[in-house]
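> This is run-v9.cif (mmCIF, C-alpha atoms and all ligand atoms).
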```cif
data_final
#
loop_
_atom_site.group_PDB
_atom_site.id
_atom_site.type_symbol
_atom_site.label_atom_id
_atom_site.label_comp_id
_atom_site.auth_asym_id
_atom_site.auth_seq_id
_atom_site.Cartn_x
_atom_site.Cartn_y
_atom_site.Cartn_z
ATOM 1 C CA MET A 780 -4.574 105.445 33.259
ATOM 2 C CA ILE A 781 -7.043 102.987 34.753
ATOM 3 C CA HIS A 782 -9.983 104.898 33.311
ATOM 4 C CA ARG A 783 -8.422 104.565 29.837
ATOM 5 C CA TYR A 784 -7.701 100.858 30.338
ATOM 6 C CA ILE A 785 -11.318 100.158 31.291
ATOM 7 C CA GLN A 786 -12.375 101.641 27.949
ATOM 8 C CA PHE A 787 -10.433 99.131 25.852
ATOM 9 C CA LEU A 788 -10.029 96.183 28.213
ATOM 10 C CA GLY A 789 -13.266 96.278 30.221
ATOM 11 C CA LEU A 790 -13.479 96.177 34.007
ATOM 12 C CA LYS A 791 -12.652 92.504 34.574
ATOM 13 C CA GLN A 792 -9.526 92.447 32.412
ATOM 14 C CA THR A 793 -8.353 95.767 33.831
ATOM 15 C CA GLU A 794 -8.520 94.225 37.311
ATOM 16 C CA GLN A 795 -6.595 91.175 36.092
ATOM 17 C CA LEU A 796 -3.990 93.438 34.490
ATOM 18 C CA LEU A 797 -3.503 95.459 37.682
ATOM 19 C CA ILE A 798 -3.033 92.272 39.712
ATOM 20 C CA ALA A 799 -0.571 90.857 37.154
ATOM 21 C CA ASN A 800 1.333 94.168 37.132
ATOM 22 C CA ASP A 801 2.168 93.619 40.809
ATOM 23 C CA LYS A 802 3.774 90.227 40.160
ATOM 24 C CA PRO A 803 7.538 90.237 39.621
ATOM 25 C CA LEU A 804 8.681 89.605 36.070
ATOM 26 C CA LYS A 805 10.541 86.381 35.354
ATOM 27 C CA PRO A 806 14.133 87.175 34.323
ATOM 28 C CA TYR A 807 15.414 85.869 30.994
ATOM 29 C CA ILE A 808 18.738 85.767 29.207
ATOM 30 C CA ARG A 809 19.284 85.785 25.453
ATOM 31 C CA VAL A 810 22.219 83.646 24.391
ATOM 32 C CA ASN A 811 24.565 85.405 21.978
ATOM 33 C CA THR A 812 24.789 82.623 19.410
ATOM 34 C CA LEU A 813 27.548 84.579 17.629
ATOM 35 C CA LYS A 814 29.811 83.451 20.482
ATOM 36 C CA ILE A 815 28.397 80.322 22.116
ATOM 37 C CA LYS A 816 25.830 77.542 21.678
ATOM 38 C CA PRO A 817 22.829 77.734 24.052
ATOM 39 C CA GLN A 818 23.419 74.291 25.599
ATOM 40 C CA ILE A 819 27.104 74.998 26.304
ATOM 41 C CA LEU A 820 26.249 78.264 28.048
ATOM 42 C CA LYS A 821 23.474 76.546 30.018
ATOM 43 C CA ASP A 822 25.913 73.895 31.271
ATOM 44 C CA ARG A 823 28.489 76.526 32.246
ATOM 45 C CA LEU A 824 25.995 78.669 34.171
ATOM 46 C CA GLU A 825 24.388 75.663 35.855
ATOM 47 C CA LYS A 826 27.799 74.589 37.153
ATOM 48 C CA LYS A 827 27.879 77.983 38.898
ATOM 49 C CA GLY A 828 24.524 77.331 40.555
ATOM 50 C CA PHE A 829 22.142 79.070 38.129
ATOM 51 C CA GLN A 830 19.012 77.152 37.174
ATOM 52 C CA LEU A 831 17.808 77.817 33.640
ATOM 53 C CA LYS A 832 14.588 76.675 31.995
ATOM 54 C CA PRO A 833 13.971 76.658 28.231
ATOM 55 C CA SER A 834 12.044 79.724 27.092
ATOM 56 C CA LYS A 835 8.615 79.178 25.555
ATOM 57 C CA TRP A 836 9.452 81.070 22.370
ATOM 58 C CA PHE A 837 13.153 80.942 21.501
ATOM 59 C CA SER A 838 15.751 78.193 21.358
ATOM 60 C CA TYR A 839 18.365 80.827 22.209
ATOM 61 C CA SER A 840 16.829 82.151 25.410
ATOM 62 C CA PHE A 841 16.371 80.801 28.916
ATOM 63 C CA GLU A 842 14.202 81.727 31.858
ATOM 64 C CA VAL A 843 16.364 82.192 34.930
ATOM 65 C CA HIS A 844 14.730 80.092 37.598
ATOM 66 C CA GLU A 845 17.391 80.361 40.281
ATOM 67 C CA ALA A 846 20.297 82.821 40.496
ATOM 68 C CA PRO A 847 22.871 82.505 43.304
ATOM 69 C CA PHE A 848 24.278 85.923 42.390
ATOM 70 C CA ASN A 849 23.765 88.744 39.903
ATOM 71 C CA LEU A 850 23.693 87.549 36.295
ATOM 72 C CA GLY A 851 25.485 90.723 35.240
ATOM 73 C CA ALA A 852 28.517 89.679 37.279
ATOM 74 C CA THR A 853 29.576 86.424 35.650
ATOM 75 C CA HIS A 854 32.650 85.799 33.540
ATOM 76 C CA GLU A 855 30.286 84.612 30.771
ATOM 77 C CA PHE A 856 28.392 87.914 30.833
ATOM 78 C CA LEU A 857 31.617 89.919 30.484
ATOM 79 C CA LEU A 858 32.644 87.657 27.597
ATOM 80 C CA GLY A 859 29.441 88.629 25.789
ATOM 81 C CA TYR A 860 27.936 85.160 25.858
ATOM 82 C CA TYR A 861 24.506 86.502 26.803
ATOM 83 C CA TYR A 862 22.342 89.577 27.199
ATOM 84 C CA LEU A 863 19.872 90.200 30.023
ATOM 85 C CA GLN A 864 16.619 90.822 28.183
ATOM 86 C CA ASN A 865 12.971 90.328 28.943
ATOM 87 C CA LEU A 866 11.125 87.840 26.780
ATOM 88 C CA ALA A 867 8.709 90.221 24.993
ATOM 89 C CA SER A 868 11.609 92.451 24.007
ATOM 90 C CA MET A 869 13.108 89.536 22.036
ATOM 91 C CA LEU A 870 10.106 89.500 19.688
ATOM 92 C CA PRO A 871 10.710 92.556 17.437
ATOM 93 C CA ALA A 872 14.085 91.447 16.031
ATOM 94 C CA SER A 873 12.853 87.882 15.638
ATOM 95 C CA ILE A 874 9.680 88.918 13.787
ATOM 96 C CA LEU A 875 11.579 91.357 11.553
ATOM 97 C CA ASN A 876 13.896 88.454 10.755
ATOM 98 C CA PRO A 877 16.618 90.291 8.785
ATOM 99 C CA GLN A 878 18.609 88.292 6.263
ATOM 100 C CA LYS A 879 22.386 88.045 6.046
ATOM 101 C CA HIS A 880 22.798 90.567 3.235
ATOM 102 C CA ASP A 881 20.128 93.084 4.188
ATOM 103 C CA ILE A 882 20.548 96.751 4.959
ATOM 104 C CA VAL A 883 18.930 96.977 8.367
ATOM 105 C CA ILE A 884 18.241 100.186 10.280
ATOM 106 C CA ASP A 885 17.486 100.335 14.003
ATOM 107 C CA MET A 886 16.090 103.853 14.417
ATOM 108 C CA CYS A 887 16.153 104.013 18.237
ATOM 109 C CA ALA A 888 18.934 101.660 19.156
ATOM 110 C CA ALA A 889 20.303 102.365 22.662
ATOM 111 C CA PRO A 890 21.140 100.502 24.816
ATOM 112 C CA GLY A 891 21.120 97.804 22.145
ATOM 113 C CA SER A 892 19.034 94.824 23.290
ATOM 114 C CA LYS A 893 17.265 94.518 19.971
ATOM 115 C CA ALA A 894 20.193 95.839 17.926
ATOM 116 C CA THR A 895 22.486 93.094 19.199
ATOM 117 C CA GLN A 896 19.785 90.500 18.552
ATOM 118 C CA LEU A 897 19.379 91.808 14.979
ATOM 119 C CA ALA A 898 23.141 91.342 14.472
ATOM 120 C CA GLN A 899 22.896 87.815 15.852
ATOM 121 C CA ILE A 900 20.059 86.928 13.463
ATOM 122 C CA MET A 901 22.080 88.456 10.570
ATOM 123 C CA ARG A 902 25.047 86.289 11.619
ATOM 124 C CA ASN A 903 27.161 89.411 11.924
ATOM 125 C CA GLN A 904 26.851 90.059 8.171
ATOM 126 C CA GLY A 905 25.072 92.629 5.989
ATOM 127 C CA ASN A 906 24.786 96.241 7.116
ATOM 128 C CA LEU A 907 23.292 97.159 10.447
ATOM 129 C CA ILE A 908 22.850 100.895 10.989
ATOM 130 C CA LEU A 909 22.192 101.833 14.613
ATOM 131 C CA ILE A 910 20.748 105.289 15.208
ATOM 132 C CA GLU A 911 20.380 106.932 18.606
ATOM 133 C CA LYS A 912 19.560 110.583 19.269
ATOM 134 C CA ASN A 913 20.639 110.806 22.905
ATOM 135 C CA ALA A 914 24.431 111.127 23.040
ATOM 136 C CA LEU A 915 24.417 110.041 26.695
ATOM 137 C CA ARG A 916 23.035 106.644 25.653
ATOM 138 C CA ILE A 917 25.650 106.013 22.954
ATOM 139 C CA PRO A 918 28.334 104.628 25.353
ATOM 140 C CA ALA A 919 25.981 101.897 26.639
ATOM 141 C CA LEU A 920 25.122 100.967 23.056
ATOM 142 C CA THR A 921 28.783 100.907 22.044
ATOM 143 C CA ILE A 922 29.764 98.783 25.037
ATOM 144 C CA ASN A 923 27.019 96.236 24.326
ATOM 145 C CA VAL A 924 27.905 96.053 20.639
ATOM 146 C CA ARG A 925 31.564 95.470 21.542
ATOM 147 C CA ARG A 926 30.881 93.033 24.377
ATOM 148 C CA LEU A 927 28.750 90.868 22.099
ATOM 149 C CA GLY A 928 31.392 90.907 19.351
ATOM 150 C CA ILE A 929 29.258 92.618 16.713
ATOM 151 C CA ILE A 930 31.146 93.747 13.624
ATOM 152 C CA ASN A 931 28.387 94.454 11.070
ATOM 153 C CA SER A 932 27.117 97.672 12.653
ATOM 154 C CA THR A 933 27.677 101.429 12.398
ATOM 155 C CA ILE A 934 26.503 103.639 15.252
ATOM 156 C CA LEU A 935 25.137 107.070 14.327
ATOM 157 C CA ASN A 936 24.249 109.735 16.877
ATOM 158 C CA PHE A 937 21.419 111.611 15.184
ATOM 159 C CA ASP A 938 17.725 112.313 15.197
ATOM 160 C CA ALA A 939 15.932 109.521 13.349
ATOM 161 C CA THR A 940 12.939 111.771 12.585
ATOM 162 C CA LYS A 941 15.308 113.181 9.913
ATOM 163 C CA LEU A 942 16.212 109.740 8.555
ATOM 164 C CA SER A 943 14.536 110.300 5.196
ATOM 165 C CA ASN A 944 16.844 113.321 4.567
ATOM 166 C CA TYR A 945 19.892 111.034 4.500
ATOM 167 C CA GLY A 946 18.828 108.857 1.597
ATOM 168 C CA ILE A 947 19.607 105.573 3.377
ATOM 169 C CA MET A 948 17.060 102.961 2.271
ATOM 170 C CA GLY A 949 16.566 99.841 4.376
ATOM 171 C CA ASP A 950 15.381 96.335 3.557
ATOM 172 C CA LYS A 951 14.303 96.003 7.160
ATOM 173 C CA ILE A 952 13.757 98.775 9.714
ATOM 174 C CA LEU A 953 13.167 98.463 13.427
ATOM 175 C CA LEU A 954 11.396 101.323 15.172
ATOM 176 C CA ASP A 955 11.340 100.495 18.868
ATOM 177 C CA ALA A 956 9.901 103.862 19.682
ATOM 178 C CA PRO A 957 10.430 106.038 22.753
ATOM 179 C CA CYS A 958 7.232 105.653 24.794
ATOM 180 C CA THR A 959 5.660 106.160 28.212
ATOM 181 C CA GLY A 960 6.666 102.629 29.181
ATOM 182 C CA GLU A 961 3.150 101.980 30.486
ATOM 183 C CA GLY A 962 3.798 98.297 29.878
ATOM 184 C CA LEU A 963 6.867 98.265 32.117
ATOM 185 C CA VAL A 964 5.118 98.463 35.495
ATOM 186 C CA ARG A 965 6.248 94.925 36.398
ATOM 187 C CA GLU A 966 9.872 95.969 35.905
ATOM 188 C CA ASP A 967 9.511 99.455 37.318
ATOM 189 C CA PRO A 968 6.482 100.155 39.582
ATOM 190 C CA THR A 969 7.147 103.933 39.501
ATOM 191 C CA ARG A 970 5.710 103.817 35.955
ATOM 192 C CA LYS A 971 2.251 103.579 37.558
ATOM 193 C CA LYS A 972 2.398 107.283 38.283
ATOM 194 C CA SER A 973 5.429 108.790 36.597
ATOM 195 C CA ARG A 974 3.875 109.609 33.219
ATOM 196 C CA THR A 975 1.083 112.098 32.535
ATOM 197 C CA ILE A 976 -1.480 112.419 29.770
ATOM 198 C CA ASN A 977 0.677 115.236 28.365
ATOM 199 C CA ASP A 978 3.648 112.842 28.114
ATOM 200 C CA LEU A 979 1.393 110.493 26.187
ATOM 201 C CA LYS A 980 0.393 113.256 23.770
ATOM 202 C CA SER A 981 3.910 114.570 23.183
ATOM 203 C CA LEU A 982 5.361 111.074 22.741
ATOM 204 C CA ALA A 983 2.635 110.212 20.224
ATOM 205 C CA LYS A 984 3.774 113.207 18.142
ATOM 206 C CA VAL A 985 7.391 111.975 18.161
ATOM 207 C CA GLN A 986 6.289 108.402 17.403
ATOM 208 C CA LYS A 987 4.345 109.586 14.341
ATOM 209 C CA LYS A 988 7.322 111.604 13.063
ATOM 210 C CA LEU A 989 9.635 108.633 13.563
ATOM 211 C CA LEU A 990 7.241 106.203 11.902
ATOM 212 C CA LYS A 991 6.767 108.486 8.898
ATOM 213 C CA ALA A 992 10.523 108.922 8.503
ATOM 214 C CA GLY A 993 11.085 105.175 8.817
ATOM 215 C CA LEU A 994 8.426 104.238 6.262
ATOM 216 C CA ASN A 995 9.796 106.795 3.810
ATOM 217 C CA SER A 996 13.205 105.094 4.124
ATOM 218 C CA LEU A 997 11.965 101.596 3.310
ATOM 219 C CA LYS A 998 12.812 99.919 0.013
ATOM 220 C CA THR A 999 9.916 98.467 -2.015
ATOM 221 C CA GLU A 1000 8.803 95.192 -0.391
ATOM 222 C CA GLY A 1001 10.777 96.272 2.697
ATOM 223 C CA MET A 1002 9.390 95.734 6.190
ATOM 224 C CA LEU A 1003 9.299 97.995 9.219
ATOM 225 C CA LEU A 1004 8.574 96.639 12.669
ATOM 226 C CA TYR A 1005 7.049 99.198 15.042
ATOM 227 C CA SER A 1006 7.171 98.289 18.728
ATOM 228 C CA THR A 1007 6.608 99.922 22.102
ATOM 229 C CA CYS A 1008 6.640 98.734 25.704
ATOM 230 C CA SER A 1009 3.288 100.398 26.172
ATOM 231 C CA ILE A 1010 -0.280 99.151 25.971
ATOM 232 C CA ALA A 1011 -1.669 102.645 25.343
ATOM 233 C CA PRO A 1012 -3.585 102.726 22.028
ATOM 234 C CA GLU A 1013 -2.483 106.390 21.759
ATOM 235 C CA GLU A 1014 1.116 105.182 21.277
ATOM 236 C CA ASN A 1015 0.279 102.146 19.184
ATOM 237 C CA GLU A 1016 -2.686 101.530 16.885
ATOM 238 C CA LEU A 1017 -3.636 105.227 16.812
ATOM 239 C CA VAL A 1018 -0.087 106.182 15.761
ATOM 240 C CA VAL A 1019 0.003 103.619 12.950
ATOM 241 C CA ASN A 1020 -3.550 104.459 11.868
ATOM 242 C CA ASP A 1021 -2.814 108.204 11.581
ATOM 243 C CA VAL A 1022 0.501 107.760 9.761
ATOM 244 C CA LEU A 1023 -0.807 105.205 7.251
ATOM 245 C CA LYS A 1024 -3.712 107.538 6.487
ATOM 246 C CA GLU A 1025 -1.147 110.021 5.139
ATOM 247 C CA LEU A 1026 1.105 107.567 3.305
ATOM 248 C CA GLU A 1027 0.107 105.316 0.433
ATOM 249 C CA ASN A 1028 1.539 101.920 -0.513
ATOM 250 C CA PHE A 1029 1.905 100.491 2.964
ATOM 251 C CA ALA A 1030 -0.005 97.710 4.666
ATOM 252 C CA VAL A 1031 0.040 96.104 8.066
ATOM 253 C CA VAL A 1032 0.998 92.479 7.514
ATOM 254 C CA LYS A 1033 0.163 89.454 9.554
ATOM 255 C CA ILE A 1034 2.841 88.326 11.951
ATOM 256 C CA SER A 1035 3.347 84.638 11.381
ATOM 257 C CA ASN A 1036 3.560 82.772 14.691
ATOM 258 C CA ALA A 1037 1.557 85.514 16.370
ATOM 259 C CA TYR A 1038 2.571 85.736 20.000
ATOM 260 C CA GLY A 1039 0.023 88.174 21.340
ATOM 261 C CA ILE A 1040 -3.618 88.954 20.733
ATOM 262 C CA PRO A 1041 -4.876 91.025 17.763
ATOM 263 C CA GLY A 1042 -4.414 94.797 17.772
ATOM 264 C CA LEU A 1043 -7.404 97.054 18.307
ATOM 265 C CA ILE A 1044 -9.545 98.148 15.356
ATOM 266 C CA GLN A 1045 -12.095 99.964 17.500
ATOM 267 C CA VAL A 1046 -11.027 102.150 20.396
ATOM 268 C CA TYR A 1047 -12.366 105.164 22.291
ATOM 269 C CA GLY A 1048 -15.407 105.176 19.970
ATOM 270 C CA LYS A 1049 -13.201 105.390 16.863
ATOM 271 C CA SER A 1050 -12.941 102.824 14.035
ATOM 272 C CA LEU A 1051 -9.401 102.166 12.837
ATOM 273 C CA ARG A 1052 -8.045 100.452 9.713
ATOM 274 C CA GLU A 1053 -8.974 96.786 9.510
ATOM 275 C CA ASP A 1054 -5.432 95.495 8.976
ATOM 276 C CA LEU A 1055 -4.445 96.675 12.463
ATOM 277 C CA LYS A 1056 -5.961 93.403 13.647
ATOM 278 C CA PHE A 1057 -2.725 91.857 12.315
ATOM 279 C CA SER A 1058 -0.678 93.816 14.860
ATOM 280 C CA ASN A 1059 -0.092 92.187 18.241
ATOM 281 C CA ARG A 1060 -0.669 93.199 21.867
ATOM 282 C CA LEU A 1061 0.979 91.404 24.775
ATOM 283 C CA TYR A 1062 -0.360 91.748 28.295
ATOM 284 C CA PRO A 1063 1.013 90.762 31.712
ATOM 285 C CA HIS A 1064 -2.272 89.080 32.712
ATOM 286 C CA ILE A 1065 -2.533 87.013 29.506
ATOM 287 C CA HIS A 1066 1.026 86.367 28.364
ATOM 288 C CA ASP A 1067 2.935 86.786 31.640
ATOM 289 C CA THR A 1068 5.245 89.329 29.952
ATOM 290 C CA ILE A 1069 5.557 93.099 30.165
ATOM 291 C CA GLY A 1070 2.884 95.039 28.258
ATOM 292 C CA PHE A 1071 4.059 95.273 24.655
ATOM 293 C CA TYR A 1072 2.911 96.180 21.157
ATOM 294 C CA LEU A 1073 4.176 94.945 17.761
ATOM 295 C CA CYS A 1074 3.127 96.036 14.297
ATOM 296 C CA LEU A 1075 4.768 94.820 11.083
ATOM 297 C CA ILE A 1076 4.328 97.174 8.111
ATOM 298 C CA LYS A 1077 5.272 96.442 4.504
ATOM 299 C CA ARG A 1078 5.961 98.836 1.630
ATOM 300 C CA ILE A 1079 3.892 97.391 -1.179
ATOM 301 C CA GLU A 1080 5.293 99.354 -4.153
HETATM 302 C C1 LIG B 1 12.580 102.295 23.849
HETATM 303 S S1 LIG B 1 14.186 102.973 23.788
HETATM 304 C C2 LIG B 1 15.011 101.897 22.672
HETATM 305 C C3 LIG B 1 15.489 100.623 23.284
HETATM 306 C C4 LIG B 1 16.350 99.823 22.335
HETATM 307 N N1 LIG B 1 15.675 99.588 21.068
HETATM 308 C C5 LIG B 1 16.758 98.475 22.923
HETATM 309 O O1 LIG B 1 16.144 97.471 22.579
HETATM 310 O O2 LIG B 1 17.702 98.444 23.704
HETATM 311 C C6 LIG B 1 13.979 104.384 22.773
HETATM 312 C C7 LIG B 1 15.278 105.067 22.412
HETATM 313 O O3 LIG B 1 14.977 106.038 21.400
HETATM 314 C C8 LIG B 1 15.839 107.140 21.572
HETATM 315 N N2 LIG B 1 15.236 108.254 20.811
HETATM 316 C C9 LIG B 1 14.228 109.085 21.184
HETATM 317 N N3 LIG B 1 13.945 109.938 20.187
HETATM 318 C C10 LIG B 1 14.770 109.636 19.157
HETATM 319 C C11 LIG B 1 14.955 110.159 17.843
HETATM 320 N N4 LIG B 1 14.234 111.171 17.414
HETATM 321 N N5 LIG B 1 15.904 109.612 17.055
HETATM 322 C C12 LIG B 1 16.655 108.555 17.488
HETATM 323 N N6 LIG B 1 16.528 108.036 18.735
HETATM 324 C C13 LIG B 1 15.600 108.563 19.548
HETATM 325 C C14 LIG B 1 15.856 107.303 23.085
HETATM 326 O O4 LIG B 1 16.967 108.090 23.486
HETATM 327 C C15 LIG B 1 15.944 105.858 23.544
HETATM 328 O O5 LIG B 1 17.273 105.446 23.657
#
```
Just give me the structure as structure tokens.
Ligand SMILES: C[S@@+](CC[C@H](N)C(=O)[O-])C[C@H]1O[C@@H](n2cnc3c(N)ncnc32)[C@H](O)[C@@H]1O


Amino acid sequence: MIHRYIQFLGLKQTEQLLIANDKPLKPYIRVNTLKIKPQILKDRLEKKGFQLKPSKWFSYSFEVHEAPFNLGATHEFLLGYYYLQNLASMLPASILNPQKHDIVIDMCAAPGSKATQLAQIMRNQGNLILIEKNALRIPALTINVRRLGIINSTILNFDATKLSNYGIMGDKILLDAPCTGEGLVREDPTRKKSRTINDLKSLAKVQKKLLKAGLNSLKTEGMLLYSTCSIAPEENELVVNDVLKELENFAVVKISNAYGIPGLIQVYGKSLREDLKFSNRLYPHIHDTIGFYLCLIKRIE
């Protein structure tokens, strides 16, 4: 893993990344604005002894500075007033920015962090289709959807690599792909060693199938947001590069309010498509988040 990082980050940044990976991640909550205003929730939680600081990116999220007890054990949590979610993971739904009347598809939805945020941005309107292949993860998704009071969604337990067979066309599609989670070391230190190069290769195959199926299910002018909690180019730029080579009429578009640094257009001695510079990488040592990747793709015709 480190050998690969040195190739695209260089020695100095790799060292900085490894040091940052050992620092605990700041906890955040996302306020469910379908049920409560951020300031009202802040006041309620602060009366219970929590200390919340405004988040740097969203008016509806707070950094948890001080927690006298577990944030999953409050009355407000059970009422669906907030979701425990790390800051980088709030970016995909926000960047995709679905509108009230859109058909929106979340291809890999469980346990529902981004799905419930999509519903919140859509103001509980439009059509939100939540797909999840693993039946064992459906209950967690269902519980979160119910707890947060979401009524614009349909949960489907099927394999999203087959999405294009169903004829559902989306205005906006989120593909938060299954990945090695190489960016999650700050949350889960076992990730330093738990994934092998073979995992990386087999996941890249699934990611390409999912991305192809998603792009084929986009309406003209529709947008797909591809994200992973991995900094591995094999799961990110190289996936997008290979899939867009096969499909015409798609372009990587610039993320307005870019949060990270530009995606790679040269890696492991290979030149990639130029527009991948519009995708975004987030790193623990630069952005103080988990490692994350975001790529917004538009169907041009
Ligand atoms: C990174 S997680 C998604 C996290 C979720 N988006 C969230 O924000 O809570 C990837 C999910 O994709 C699911 N998955 C893997 N392969 C799939 C497939 N072919 N079709 C649909 N879901 C799949 C996994 O079971 C897992 O729940």

> Show me, as a VMD selection string, the residues that have an atom within 10 Å of region 1050-1067 of chain A when counting only C-alpha atoms, minus same-chain residues fewer than 6 positions from it.

chain A and resid 792 to 805 866 to 867 962 to 965 1004 to 1010 1012 1015 to 1017 1019 to 1021 1023 to 1024 1030 to 1035 1037 to 1044 1073 to 1076

> How close does each residue of chain A get to ligand LIG 1 (chain B), giving the shortest atom pair and distance in Å to one decimal for every residue with an atom at most 8 Å away, counting all atoms listed in the file, sorted by chain and residue number, as a Markdown table?


```
| residue | atom | partner | partner_atom | distance |
| --- | --- | --- | --- | --- |
| A:Ser868 | CA | B:LIG1 | O1 | 6.9 |
| A:Asp885 | CA | B:LIG1 | N1 | 7.3 |
| A:Met886 | CA | B:LIG1 | C12 | 5.6 |
| A:Cys887 | CA | B:LIG1 | O3 | 3.9 |
| A:Ala888 | CA | B:LIG1 | N1 | 4.3 |
| A:Ala889 | CA | B:LIG1 | O5 | 4.4 |
| A:Pro890 | CA | B:LIG1 | O2 | 4.2 |
| A:Gly891 | CA | B:LIG1 | O2 | 3.8 |
| A:Ser892 | CA | B:LIG1 | O2 | 3.9 |
| A:Lys893 | CA | B:LIG1 | O1 | 4.1 |
| A:Ala894 | CA | B:LIG1 | O1 | 6.4 |
| A:Ile910 | CA | B:LIG1 | C12 | 5.7 |
| A:Glu911 | CA | B:LIG1 | N6 | 4.0 |
| A:Lys912 | CA | B:LIG1 | C12 | 4.0 |
| A:Asn913 | CA | B:LIG1 | O4 | 4.6 |
| A:Arg916 | CA | B:LIG1 | O5 | 6.2 |
| A:Leu920 | CA | B:LIG1 | O2 | 7.9 |
| A:Asn936 | CA | B:LIG1 | C12 | 7.7 |
| A:Phe937 | CA | B:LIG1 | C12 | 6.1 |
| A:Asp938 | CA | B:LIG1 | N5 | 3.8 |
| A:Ala939 | CA | B:LIG1 | N5 | 3.7 |
| A:Thr940 | CA | B:LIG1 | N4 | 5.0 |
| A:Lys941 | CA | B:LIG1 | N4 | 7.8 |
| A:Leu954 | CA | B:LIG1 | N1 | 7.5 |
| A:Asp955 | CA | B:LIG1 | N1 | 4.9 |
| A:Ala956 | CA | B:LIG1 | C6 | 5.1 |
| A:Pro957 | CA | B:LIG1 | C6 | 3.9 |
| A:Cys958 | CA | B:LIG1 | C1 | 6.4 |
| A:Gly960 | CA | B:LIG1 | C1 | 8.0 |
| A:Val985 | CA | B:LIG1 | N4 | 6.9 |
| A:Leu989 | CA | B:LIG1 | N4 | 6.5 |
| A:Thr1007 | CA | B:LIG1 | C1 | 6.7 |
| A:Cys1008 | CA | B:LIG1 | C1 | 7.2 |
```

> Spell out the residues picked by the PyMOL selection byres (((chain A and resi 845) around 9) and not hetatm) here, as a PDB file with C-alpha atoms, in the coordinates of the input.


```pdb
ATOM      1  CA  GLY A 828      24.524  77.331  40.555  1.00  0.00           C
ATOM      2  CA  PHE A 829      22.142  79.070  38.129  1.00  0.00           C
ATOM      3  CA  GLN A 830      19.012  77.152  37.174  1.00  0.00           C
ATOM      4  CA  LEU A 831      17.808  77.817  33.640  1.00  0.00           C
ATOM      5  CA  VAL A 843      16.364  82.192  34.930  1.00  0.00           C
ATOM      6  CA  HIS A 844      14.730  80.092  37.598  1.00  0.00           C
ATOM      7  CA  ALA A 846      20.297  82.821  40.496  1.00  0.00           C
ATOM      8  CA  PRO A 847      22.871  82.505  43.304  1.00  0.00           C
TER       9      PRO A 847
END
```

> Return as JSON, numbers by chain the set of residues that the PyMOL selection byres (((chain A and resi 872) around 8) and not hetatm) yields on the displayed structure.

{"A": [869, 870, 871, 873, 874, 875, 876, 877, 893, 894, 896, 897, 900, 953]}

> Let me know the residues the PyMOL selection byres (((chain A and resi 786) around 12) and not hetatm) catches in the file above, as a PyMOL selection string.

chain A and resi 780-785+787-793+1011-1012+1043+1045-1049

> Tell me, as a list in words, which residues lie within 12 Å of Gly859 (chain A), counting all atoms listed in the file; anything in the same chain fewer than 2 positions away does not count.

Ile808, Arg809, Val810, Asn811, Thr812, Leu813, Lys814, Ile815, Leu820, Gly851, Ala852, Thr853, His854, Glu855, Phe856, Leu857, Tyr861, Tyr862, Leu863, Thr895, Gln899, Ile922, Asn923, Val924, Arg925, Arg926, Leu927, Gly928 and Ile929 of chain A

> Quick one: residues within 12 Å of Ser981 (chain A), only C-alpha atoms, excluding same-chain residues fewer than 2 positions away - as a ChimeraX atom specification?

/A:957-959,974-979,983-988,1013-1014,1018

> What is the CA of Leu942 (chain A)-CA of Lys991 (chain A) distance in Å, reported with one decimal?

9.5 Å

> CA of Ser943 (chain A) and CA of Asn995 (chain A), how far apart in Å?

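Computing the Euclidean distance for CA of Asn995 (chain A) and CA of Ser943 (chain A) yields 6.1 Å.
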
> Would you work out the distance separating CA of Tyr839 (chain A) from CA of Lys816 (chain A), expressed in Å to one decimal?

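Straight-line distance from CA of Tyr839 (chain A) to CA of Lys816 (chain A) works out to 8.2 Å.
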
> Can you pull out the residues contacting Gly905 (chain A)? Cut-off 8 Å, using all atoms listed in the file, and skip same-chain residues under 4 positions away; I want them as a list in words.

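So the residues in contact are Gln878, Lys879, His880, Asp881, Ile882, Val883, Met901 and Asn931 of chain A.
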
> Applying 7 Å and all atoms listed in the file, which residues near region 997-1000 of chain A remain after dropping the ones on its own chain fewer than 5 positions away? List them as a PDB file with C-alpha atoms, keeping the file's coordinate frame.


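The result, written out as result-v3.pdb:
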```
ATOM      1  CA  MET A 948      17.060 102.961   2.271  1.00  0.00           C
ATOM      2  CA  GLY A 949      16.566  99.841   4.376  1.00  0.00           C
ATOM      3  CA  ASP A 950      15.381  96.335   3.557  1.00  0.00           C
ATOM      4  CA  LYS A1077       5.272  96.442   4.504  1.00  0.00           C
ATOM      5  CA  ARG A1078       5.961  98.836   1.630  1.00  0.00           C
ATOM      6  CA  ILE A1079       3.892  97.391  -1.179  1.00  0.00           C
ATOM      7  CA  GLU A1080       5.293  99.354  -4.153  1.00  0.00           C
TER       8      GLU A1080
END
```
